[in-house]
Amino acid sequence: MLSFAEENYLKAIYHLSEQSGDSVSTNAIAEILNTKAASVTDMIKRLSGKGILSYQKYKGVNVSESGRKAALQVIRKHRLWETFLVEKLKFNWDEVHDVAEQLEHIKSPLLIKRMDEFLGYPKYDPHGDPIPDEHGEFKAKPQVAISECEVNRSGIVVSVKDDSPEFLRYLDKIGAYLGAKVKVLDKVDFDGSMEIQIDNKKIVFISREVSENIWIAD
């Protein structure tokens, strides 16, 4: 059994390792969790003692196989709660992350199993991220960031990588919801900004940062 804080650390380290494909540094963990490096070192020692992490001085941290399974169960709970809050309690997609951060630490496997069944075994959360099943298995959709697309490329919005409330409210404002059809009309070499058309109607200009956080699939 992991504590609230231990689960938060494990989830953060798992996400960092998935992004980098390599060992995770203490400084990177401290930055994402907004804490001190000394606190991170103490937690790494604690989680290493539980067999959740493997740590080599000066080389960083890796998640063990048991740690990966534990991290995916926390992620599964988080994404199921987000789905429940949006689909059944009518929260907006920009309102659910912080609530799910609290609910993901509930320890009842039966509750999560029943919620998954109640929701119809969803494969993706409201932000388009895959939901691991009870065995930690999931299938990600083939997708690409709009920033990587050439002019005239079209696709359907399937996920967003920035799930901050501010960014999601911005997407609501321009009409870039999950399932929207997007076509790249122009790219500006100077700053990477783009002109896109949404649902064959609305034409908007977006920054490079925005285009890097909206992902589409054919």
# chains A, B, ... in the order shown; residues from 1 in each chain; ligands from 1
call {"tool": "residues_around", "arguments": {"residues": "range 157-161 of chain A", "least_positions_apart": "3", "cutoff": "6 Å", "atoms": "only C-alpha atoms", "output": "PDB file with C-alpha atoms, in the first residue's frame"}}
result
ATOM      1  CA  HIS A 127      -8.935  14.748 -22.777  1.00  0.00           C
ATOM      2  CA  GLY A 128      -8.325  11.842 -25.174  1.00  0.00           C
ATOM      3  CA  LEU A 178     -12.383  16.289 -29.093  1.00  0.00           C
ATOM      4  CA  GLY A 179     -13.865  15.022 -32.326  1.00  0.00           C
ATOM      5  CA  ALA A 180     -13.574  18.319 -34.177  1.00  0.00           C
ATOM      6  CA  ASN A 213      -0.713  20.557 -27.535  1.00  0.00           C
ATOM      7  CA  ILE A 214      -3.534  19.612 -29.938  1.00  0.00           C
ATOM      8  CA  TRP A 215      -3.134  16.124 -31.406  1.00  0.00           C
ATOM      9  CA  ILE A 216      -5.062  14.735 -34.361  1.00  0.00           C
TER      10      ILE A 216
END
call {"tool": "select_by_dssp", "arguments": {"residues": "range 107-187 of chain A", "states": "strand (DSSP E or B)", "output": "number ranges by chain"}}
result
A: 124, 130, 144-145, 154-160, 181-187
call {"tool": "closest_residue", "arguments": {"among": "A:Ser211, A:Ser64, A:Asn8, A:Ser48", "to": "Gln102 in chain A", "atoms": "only C-alpha atoms"}}
result
A:Asn8
call {"tool": "closest_residue", "arguments": {"among": "A:His105, A:Val61, A:Ala70, A:Pro126", "to": "Asn92 in chain A", "atoms": "only C-alpha atoms"}}
result
A:Pro126
call {"tool": "residues_around", "arguments": {"residues": "Tyr170 in chain A", "least_positions_apart": "2", "cutoff": "12 Å", "atoms": "only C-alpha atoms", "output": "MDAnalysis selection string"}}
result
chainID A and resid 93:94 160 162:168 172:177 204 206:207 210 213:214
call {"tool": "residues_around", "arguments": {"residues": "Glu7 in chain A", "least_positions_apart": "6", "cutoff": "12 Å", "atoms": "only C-alpha atoms", "output": "number ranges by chain"}}
result
A: 1, 13-14, 43-44, 46-47, 52, 67-75, 77-78, 101-102, 104-107
call {"tool": "write_last_selection", "arguments": {"atoms": "C-alpha atoms", "output": "PDB file, in the first residue's frame"}}
result
ATOM      1  CA  MET A   1       0.000   0.000   0.000  1.00  0.00           C
ATOM      2  CA  ILE A  13       8.154   9.796 -12.183  1.00  0.00           C
ATOM      3  CA  TYR A  14       6.286   7.400 -14.463  1.00  0.00           C
ATOM      4  CA  MET A  43      11.105   9.886  -1.220  1.00  0.00           C
ATOM      5  CA  ILE A  44      13.218   8.072  -3.816  1.00  0.00           C
ATOM      6  CA  ARG A  46      11.603   5.266   0.507  1.00  0.00           C
ATOM      7  CA  LEU A  47      10.124   4.044  -2.795  1.00  0.00           C
ATOM      8  CA  ILE A  52       8.885   0.569  -6.657  1.00  0.00           C
ATOM      9  CA  GLY A  67       6.175   0.393  -9.852  1.00  0.00           C
ATOM     10  CA  ARG A  68       4.888   0.636 -13.416  1.00  0.00           C
ATOM     11  CA  LYS A  69       1.869  -1.502 -12.540  1.00  0.00           C
ATOM     12  CA  ALA A  70       1.145   0.622  -9.470  1.00  0.00           C
ATOM     13  CA  ALA A  71       1.502   3.876 -11.444  1.00  0.00           C
ATOM     14  CA  LEU A  72      -0.868   2.654 -14.151  1.00  0.00           C
ATOM     15  CA  GLN A  73      -3.492   1.790 -11.544  1.00  0.00           C
ATOM     16  CA  VAL A  74      -3.354   5.349 -10.168  1.00  0.00           C
ATOM     17  CA  ILE A  75      -3.575   6.719 -13.714  1.00  0.00           C
ATOM     18  CA  LYS A  77      -8.397   5.683 -11.417  1.00  0.00           C
ATOM     19  CA  HIS A  78      -7.648   9.300 -12.318  1.00  0.00           C
ATOM     20  CA  GLU A 101      -6.307  14.230  -8.331  1.00  0.00           C
ATOM     21  CA  GLN A 102      -8.050  13.770  -4.971  1.00  0.00           C
ATOM     22  CA  GLU A 104      -7.511   8.816  -7.568  1.00  0.00           C
ATOM     23  CA  HIS A 105      -6.164   7.880  -4.136  1.00  0.00           C
ATOM     24  CA  ILE A 106      -9.284   5.958  -3.060  1.00  0.00           C
ATOM     25  CA  LYS A 107      -8.109   2.411  -2.323  1.00  0.00           C
TER      26      LYS A 107
END
call {"tool": "residues_around", "arguments": {"residues": "Gln197 in chain A", "least_positions_apart": "6", "cutoff": "7 Å", "atoms": "only C-alpha atoms", "output": "PyMOL selection string"}}
result
chain A and resi 182-185+203-204
call {"tool": "closest_residue", "arguments": {"among": "A:Glu31, A:Asp42, A:Glu212, A:Glu134", "to": "Leu110 in chain A", "atoms": "only C-alpha atoms"}}
result
A:Glu134
call {"tool": "decode", "arguments": {"residues": "range 183-195 of chain A", "atoms": "N, CA and C atoms", "output": "PDB file, in the first residue's frame"}}
result
ATOM      1  N   LYS A 183      -8.239  21.372 -40.209  1.00  0.00           N
ATOM      2  CA  LYS A 183      -7.420  21.397 -41.424  1.00  0.00           C
ATOM      3  C   LYS A 183      -6.393  22.515 -41.312  1.00  0.00           C
ATOM      4  N   VAL A 184      -5.143  22.200 -41.629  1.00  0.00           N
ATOM      5  CA  VAL A 184      -4.082  23.208 -41.597  1.00  0.00           C
ATOM      6  C   VAL A 184      -4.139  24.017 -42.896  1.00  0.00           C
ATOM      7  N   LEU A 185      -4.334  25.327 -42.764  1.00  0.00           N
ATOM      8  CA  LEU A 185      -4.410  26.204 -43.930  1.00  0.00           C
ATOM      9  C   LEU A 185      -3.089  26.904 -44.224  1.00  0.00           C
ATOM     10  N   ASP A 186      -2.334  27.206 -43.162  1.00  0.00           N
ATOM     11  CA  ASP A 186      -1.079  27.930 -43.366  1.00  0.00           C
ATOM     12  C   ASP A 186      -0.180  27.763 -42.154  1.00  0.00           C
ATOM     13  N   LYS A 187       1.139  27.811 -42.369  1.00  0.00           N
ATOM     14  CA  LYS A 187       2.132  27.776 -41.293  1.00  0.00           C
ATOM     15  C   LYS A 187       3.086  28.949 -41.499  1.00  0.00           C
ATOM     16  N   VAL A 188       3.404  29.634 -40.399  1.00  0.00           N
ATOM     17  CA  VAL A 188       4.306  30.783 -40.453  1.00  0.00           C
ATOM     18  C   VAL A 188       5.699  30.337 -40.033  1.00  0.00           C
ATOM     19  N   ASP A 189       6.644  30.425 -40.930  1.00  0.00           N
ATOM     20  CA  ASP A 189       8.004  29.971 -40.632  1.00  0.00           C
ATOM     21  C   ASP A 189       8.638  30.772 -39.498  1.00  0.00           C
ATOM     22  N   PHE A 190       8.315  32.037 -39.395  1.00  0.00           N
ATOM     23  CA  PHE A 190       8.968  32.909 -38.418  1.00  0.00           C
ATOM     24  C   PHE A 190       8.763  32.435 -36.984  1.00  0.00           C
ATOM     25  N   ASP A 191       7.527  32.138 -36.605  1.00  0.00           N
ATOM     26  CA  ASP A 191       7.256  31.798 -35.200  1.00  0.00           C
ATOM     27  C   ASP A 191       6.509  30.475 -35.007  1.00  0.00           C
ATOM     28  N   GLY A 192       6.249  29.770 -36.106  1.00  0.00           N
ATOM     29  CA  GLY A 192       5.584  28.476 -35.984  1.00  0.00           C
ATOM     30  C   GLY A 192       4.093  28.557 -35.757  1.00  0.00           C
ATOM     31  N   SER A 193       3.530  29.767 -35.803  1.00  0.00           N
ATOM     32  CA  SER A 193       2.082  29.894 -35.644  1.00  0.00           C
ATOM     33  C   SER A 193       1.382  29.323 -36.880  1.00  0.00           C
ATOM     34  N   MET A 194       0.092  29.034 -36.734  1.00  0.00           N
ATOM     35  CA  MET A 194      -0.627  28.363 -37.809  1.00  0.00           C
ATOM     36  C   MET A 194      -2.025  28.945 -37.987  1.00  0.00           C
ATOM     37  N   GLU A 195      -2.528  28.826 -39.203  1.00  0.00           N
ATOM     38  CA  GLU A 195      -3.928  29.138 -39.505  1.00  0.00           C
ATOM     39  C   GLU A 195      -4.623  27.806 -39.741  1.00  0.00           C
TER      40      GLU A 195
END
